[in-house]
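Presented below is the structure to which this report refers.
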Amino acid sequence: MTKHLTPRRQWLAALLGGFFALAAVPHALAQSYPSKPIKMIVPFPAGGTTDIVARIVAQRMTESMGQPVVVDNRGGAGGAIGADLVAKAAPDGYTIMMHNLTFPLATVAQTLANRSPFNVDTDFAGVSIAVYVPFMLTANPSVPVKDLRELANLLRTNKSLQYNYGSTGPGSAVHVLGEAFKKEAKVEMEHVPFKGAAPLKQELLSGRIQVGGDQLSSSLAEIKSGTLRAIATTASKRVAGLPDVPTVRELGYPNLELEGWNGVFAPAKTPKDIIERLHKEVVAAVRHPDVVKRLADMAAEPVGSTPAEQDAMLRRQMDQFRGIIRDMKLD
């Protein structure tokens, strides 16, 4: 015999039914994800390492996910403009970001200057470190030095030299490393910021900028052809493809040691199921045999870390350079 519910119980049953229906929405959305194109923001102009890695990974993700993963270049402010767009995007997995080692450094610099548009601790969800790419300091061949130590000696003994060093923006890796080098070597150089690695490289090749640097992939062809000279790597060991290029530690500047990486981030509060799907796709992309070969050709090592490992790398580099950046009062 069916029991009739009292009006109060009917109301309670409807309320509970609605609650459980709402609770199931994120899971249902994650199950159908993706149902439309995904935008992968690269916070630098086209042509740099981050852009190249993003396009390789996005192509493979497009093939495996059944929806286009479209790279959208949004350069400026050392990567902060593109990152801010991701921080403020809907946390639904349809706006993600490929960033690099500039992320922790620029974030510290902007936070210390009280003008960071986002909070790296609360506005982003890590997905995966996609690749490691060594960071290389380079010089125009007209500069009469073979490594960073010789550059320091040249500038100390020739006070009249007016050398410029270029970076990919305020608080970027080259900016921080350049200022740290100036302080440790007791030399002077003028900082010239650009919106990304590609315009920086063009000025470096022309000789209007004497010193610069970026992740190796951006300048590997020019280094091998001799149109740019590698004067140090900030990696912890020498790069296999360039065994004659010493590390900053070997040259007497251990505080300049900085590992290069590129990783994928999503807005904070992106559902866990979607983060797990994105993580799975990024790992599968960078470990695909065809991608591994393409990455090797550009001196990049596939990683595919967990979100937790990526978060740890981000915070470790922020902690490493926070004191240096504070002392420099970078603008």
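Residue numbering restarts at 1 for every chain of the structure tokens, chains are lettered A, B, ... in their displayed order, and ligands are numbered from 1 as they appear.
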Please provide as JSON, numbers by chain all residues within 8 Å of segment 260-275 of chain A, with the sequence filter that same-chain residues fewer than 6 positions apart are discarded (counting only C-alpha atoms). {"A": [26, 27, 30, 33, 50, 53, 86, 87, 88, 89, 90, 91, 92, 93, 95, 96, 97, 98, 99, 100, 101, 122, 123, 124, 125, 126, 127, 128, 129, 130, 131, 132, 133, 134, 135, 215, 235, 310]}
Could you turn the residues from that selection into a file that holds N, CA and C atoms, as a short mmCIF file (atom, residue, chain, number, x, y, z; two decimals), in the first residue's frame?
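Dumped everything to again-v9.cif:
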```
data_model
loop_
_atom_site.label_atom_id
_atom_site.label_comp_id
_atom_site.auth_asym_id
_atom_site.auth_seq_id
_atom_site.Cartn_x
_atom_site.Cartn_y
_atom_site.Cartn_z
N PRO A 26 28.42 19.12 -11.67
CA PRO A 26 29.84 19.13 -12.02
C PRO A 26 30.32 17.80 -12.59
N HIS A 27 29.83 16.70 -11.99
CA HIS A 27 30.26 15.39 -12.48
C HIS A 27 29.77 15.16 -13.91
N ALA A 30 31.82 17.21 -16.28
CA ALA A 30 33.14 16.62 -16.47
C ALA A 30 33.07 15.40 -17.38
N TYR A 33 32.91 16.56 -20.91
CA TYR A 33 34.00 17.47 -21.28
C TYR A 33 35.01 16.76 -22.16
N THR A 50 57.75 28.96 -25.30
CA THR A 50 56.44 28.62 -24.74
C THR A 50 55.41 28.46 -25.84
N VAL A 53 56.18 25.08 -27.74
CA VAL A 53 55.76 23.92 -26.94
C VAL A 53 54.24 23.84 -26.89
N VAL A 86 43.52 34.22 -17.67
CA VAL A 86 43.20 32.87 -17.22
C VAL A 86 42.68 32.89 -15.78
N ALA A 87 43.29 33.72 -14.95
CA ALA A 87 42.85 33.82 -13.55
C ALA A 87 41.38 34.24 -13.46
N LYS A 88 40.93 35.06 -14.39
CA LYS A 88 39.56 35.60 -14.35
C LYS A 88 38.59 34.82 -15.25
N ALA A 89 39.08 33.78 -15.92
CA ALA A 89 38.23 33.00 -16.82
C ALA A 89 37.32 32.06 -16.02
N ALA A 90 36.24 31.63 -16.66
CA ALA A 90 35.34 30.66 -16.02
C ALA A 90 36.11 29.36 -15.76
N PRO A 91 35.95 28.79 -14.56
CA PRO A 91 36.70 27.56 -14.22
C PRO A 91 36.01 26.31 -14.77
N ASP A 92 35.91 26.25 -16.09
CA ASP A 92 35.18 25.15 -16.71
C ASP A 92 36.04 24.29 -17.63
N GLY A 93 37.37 24.56 -17.65
CA GLY A 93 38.26 23.76 -18.47
C GLY A 93 38.38 24.20 -19.91
N THR A 95 39.33 27.38 -20.81
CA THR A 95 40.42 28.35 -20.90
C THR A 95 41.54 27.86 -20.01
N ILE A 96 42.68 27.52 -20.63
CA ILE A 96 43.84 27.05 -19.88
C ILE A 96 45.05 27.87 -20.34
N MET A 97 46.20 27.62 -19.76
CA MET A 97 47.38 28.43 -20.06
C MET A 97 48.63 27.57 -20.09
N MET A 98 49.51 27.88 -21.04
CA MET A 98 50.86 27.32 -21.04
C MET A 98 51.80 28.45 -20.63
N HIS A 99 52.46 28.34 -19.50
CA HIS A 99 53.39 29.38 -19.03
C HIS A 99 54.77 28.75 -18.84
N ASN A 100 55.71 29.53 -18.33
CA ASN A 100 57.07 29.01 -18.15
C ASN A 100 57.68 29.54 -16.87
N LEU A 101 59.00 29.40 -16.73
CA LEU A 101 59.68 29.79 -15.50
C LEU A 101 59.56 31.27 -15.19
N THR A 122 46.01 31.51 -5.10
CA THR A 122 44.57 31.25 -5.04
C THR A 122 43.85 31.29 -6.38
N ASP A 123 44.50 31.80 -7.42
CA ASP A 123 43.80 32.03 -8.68
C ASP A 123 44.06 30.99 -9.76
N PHE A 124 44.95 30.02 -9.48
CA PHE A 124 45.31 29.04 -10.52
C PHE A 124 45.29 27.63 -9.96
N ALA A 125 45.00 26.69 -10.84
CA ALA A 125 45.10 25.27 -10.52
C ALA A 125 46.15 24.66 -11.44
N GLY A 126 47.16 24.04 -10.86
CA GLY A 126 48.19 23.40 -11.66
C GLY A 126 47.65 22.17 -12.37
N VAL A 127 48.13 21.94 -13.59
CA VAL A 127 47.75 20.75 -14.36
C VAL A 127 48.96 19.84 -14.52
N SER A 128 50.06 20.37 -15.08
CA SER A 128 51.26 19.54 -15.27
C SER A 128 52.41 20.38 -15.80
N ILE A 129 53.63 20.09 -15.32
CA ILE A 129 54.82 20.57 -16.03
C ILE A 129 54.92 19.72 -17.28
N ALA A 130 54.84 20.37 -18.44
CA ALA A 130 54.87 19.62 -19.70
C ALA A 130 56.28 19.21 -20.06
N VAL A 131 57.21 20.18 -20.02
CA VAL A 131 58.59 19.91 -20.45
C VAL A 131 59.58 20.70 -19.62
N TYR A 132 60.80 20.21 -19.57
CA TYR A 132 61.95 20.98 -19.12
C TYR A 132 62.70 21.47 -20.35
N VAL A 133 63.03 22.76 -20.37
CA VAL A 133 63.83 23.33 -21.46
C VAL A 133 64.92 24.18 -20.82
N PRO A 134 66.20 23.85 -21.02
CA PRO A 134 67.28 24.62 -20.38
C PRO A 134 67.20 26.11 -20.74
N PHE A 135 67.58 26.93 -19.78
CA PHE A 135 67.63 28.37 -20.01
C PHE A 135 69.07 28.75 -20.37
N GLN A 215 64.71 30.44 -22.88
CA GLN A 215 64.83 28.99 -22.96
C GLN A 215 65.48 28.62 -24.29
N ALA A 235 71.00 26.03 -16.11
CA ALA A 235 70.64 24.69 -15.66
C ALA A 235 71.68 24.16 -14.68
N GLN A 310 54.02 20.17 -9.91
CA GLN A 310 54.09 21.48 -10.57
C GLN A 310 53.97 22.61 -9.54
#
```
From segment 36-87 of chain A, collect each residue whose DSSP state is alpha helix (DSSP H) and return the set as an mmCIF file with C-alpha atoms, in the first residue's frame.
```cif
data_model
loop_
_atom_site.group_PDB
_atom_site.id
_atom_site.type_symbol
_atom_site.label_atom_id
_atom_site.label_comp_id
_atom_site.auth_asym_id
_atom_site.auth_seq_id
_atom_site.Cartn_x
_atom_site.Cartn_y
_atom_site.Cartn_z
ATOM 1 C CA THR A 49 59.731 28.502 -26.640
ATOM 2 C CA THR A 50 56.444 28.622 -24.741
ATOM 3 C CA ASP A 51 54.531 29.242 -27.956
ATOM 4 C CA ILE A 52 56.318 26.410 -29.778
ATOM 5 C CA VAL A 53 55.757 23.921 -26.939
ATOM 6 C CA ALA A 54 52.123 24.994 -26.605
ATOM 7 C CA ARG A 55 51.442 24.403 -30.305
ATOM 8 C CA ILE A 56 53.033 20.950 -30.232
ATOM 9 C CA VAL A 57 51.053 19.924 -27.143
ATOM 10 C CA ALA A 58 47.811 21.543 -28.359
ATOM 11 C CA GLN A 59 47.995 19.706 -31.676
ATOM 12 C CA ARG A 60 48.298 16.344 -29.959
ATOM 13 C CA MET A 61 45.545 17.186 -27.439
ATOM 14 C CA THR A 62 43.271 18.177 -30.323
ATOM 15 C CA GLU A 63 43.747 14.756 -31.883
ATOM 16 C CA SER A 64 43.111 12.852 -28.647
ATOM 17 C CA MET A 65 40.282 14.963 -27.154
ATOM 18 C CA ALA A 80 51.113 38.775 -16.569
ATOM 19 C CA ILE A 81 48.477 39.956 -19.071
ATOM 20 C CA GLY A 82 47.768 36.470 -20.393
ATOM 21 C CA ALA A 83 47.929 34.955 -16.914
ATOM 22 C CA ASP A 84 45.390 37.487 -15.629
ATOM 23 C CA LEU A 85 42.963 36.475 -18.388
ATOM 24 C CA VAL A 86 43.203 32.871 -17.218
ATOM 25 C CA ALA A 87 42.849 33.824 -13.549
#
```
Counting only C-alpha atoms, the residue of A:Ala198, A:Val248, A:Met318, A:Val303 that sits nearest Asp147 of chain A: A:Val248
Leaving out segment 75-78 of chain A and any residue of its chain fewer than 5 positions from it, which residues lie within 6 Å of it when counting only C-alpha atoms, given as a list of chain:residue names?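 In the requested form, the answer reads A:Pro43, A:Phe44, A:Pro45, A:Thr168, A:Gly169, A:Pro170, A:Ser172, A:Lys195.
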Deliver the residues from the most recent selection as a file, using N, CA and C atoms, as an mmCIF file, in the first residue's frame.
```cif
data_model
loop_
_atom_site.group_PDB
_atom_site.id
_atom_site.type_symbol
_atom_site.label_atom_id
_atom_site.label_comp_id
_atom_site.auth_asym_id
_atom_site.auth_seq_id
_atom_site.Cartn_x
_atom_site.Cartn_y
_atom_site.Cartn_z
ATOM 1 N N PRO A 43 51.033 33.477 -22.792
ATOM 2 C CA PRO A 43 51.169 34.892 -22.425
ATOM 3 C C PRO A 43 52.395 35.583 -23.014
ATOM 4 N N PHE A 44 52.784 35.160 -24.220
ATOM 5 C CA PHE A 44 53.917 35.736 -24.950
ATOM 6 C C PHE A 44 53.576 35.756 -26.434
ATOM 7 N N PRO A 45 54.278 36.571 -27.226
ATOM 8 C CA PRO A 45 54.050 36.561 -28.674
ATOM 9 C C PRO A 45 54.459 35.231 -29.291
ATOM 10 N N THR A 168 62.297 39.512 -21.597
ATOM 11 C CA THR A 168 60.937 39.359 -22.106
ATOM 12 C C THR A 168 59.923 40.119 -21.257
ATOM 13 N N GLY A 169 60.401 41.065 -20.454
ATOM 14 C CA GLY A 169 59.497 41.921 -19.694
ATOM 15 C C GLY A 169 59.925 42.076 -18.254
ATOM 16 N N PRO A 170 59.363 43.071 -17.558
ATOM 17 C CA PRO A 170 59.699 43.305 -16.153
ATOM 18 C C PRO A 170 59.401 42.079 -15.289
ATOM 19 N N SER A 172 60.717 39.219 -15.619
ATOM 20 C CA SER A 172 60.938 37.970 -16.341
ATOM 21 C C SER A 172 62.271 37.358 -15.927
ATOM 22 N N LYS A 195 58.305 42.323 -25.327
ATOM 23 C CA LYS A 195 57.067 41.615 -25.043
ATOM 24 C C LYS A 195 57.193 40.101 -25.165
#
```
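We find atom CA of Gln317 of chain A and atom CA of Asn153 of chain A to be spaced 28.6 Å apart.
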Quick one: distance from atom CA of Arg249 of chain A to atom CA of Lys182 of chain A in Å, one decimal?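 That distance, rounded to one decimal, is 15.6 Å.
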Name all residues at most 12 Å from Gly226 of chain A (count only C-alpha atoms; drop same-chain ones fewer than 5 positions away) and give them as a ChimeraX atom specification. /A:138-142,205,219-221
Among the residues A:Ser218, A:Asn158, A:Thr227, A:Gln320, the one that comes closest to Val176 of chain A [using only C-alpha atoms]: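 Smallest distance to Val176 of chain A is found for A:Gln320.
If you look at atom CA of Val108 of chain A and atom CA of Val211 of chain A, they are 23.6 Å away from each other.
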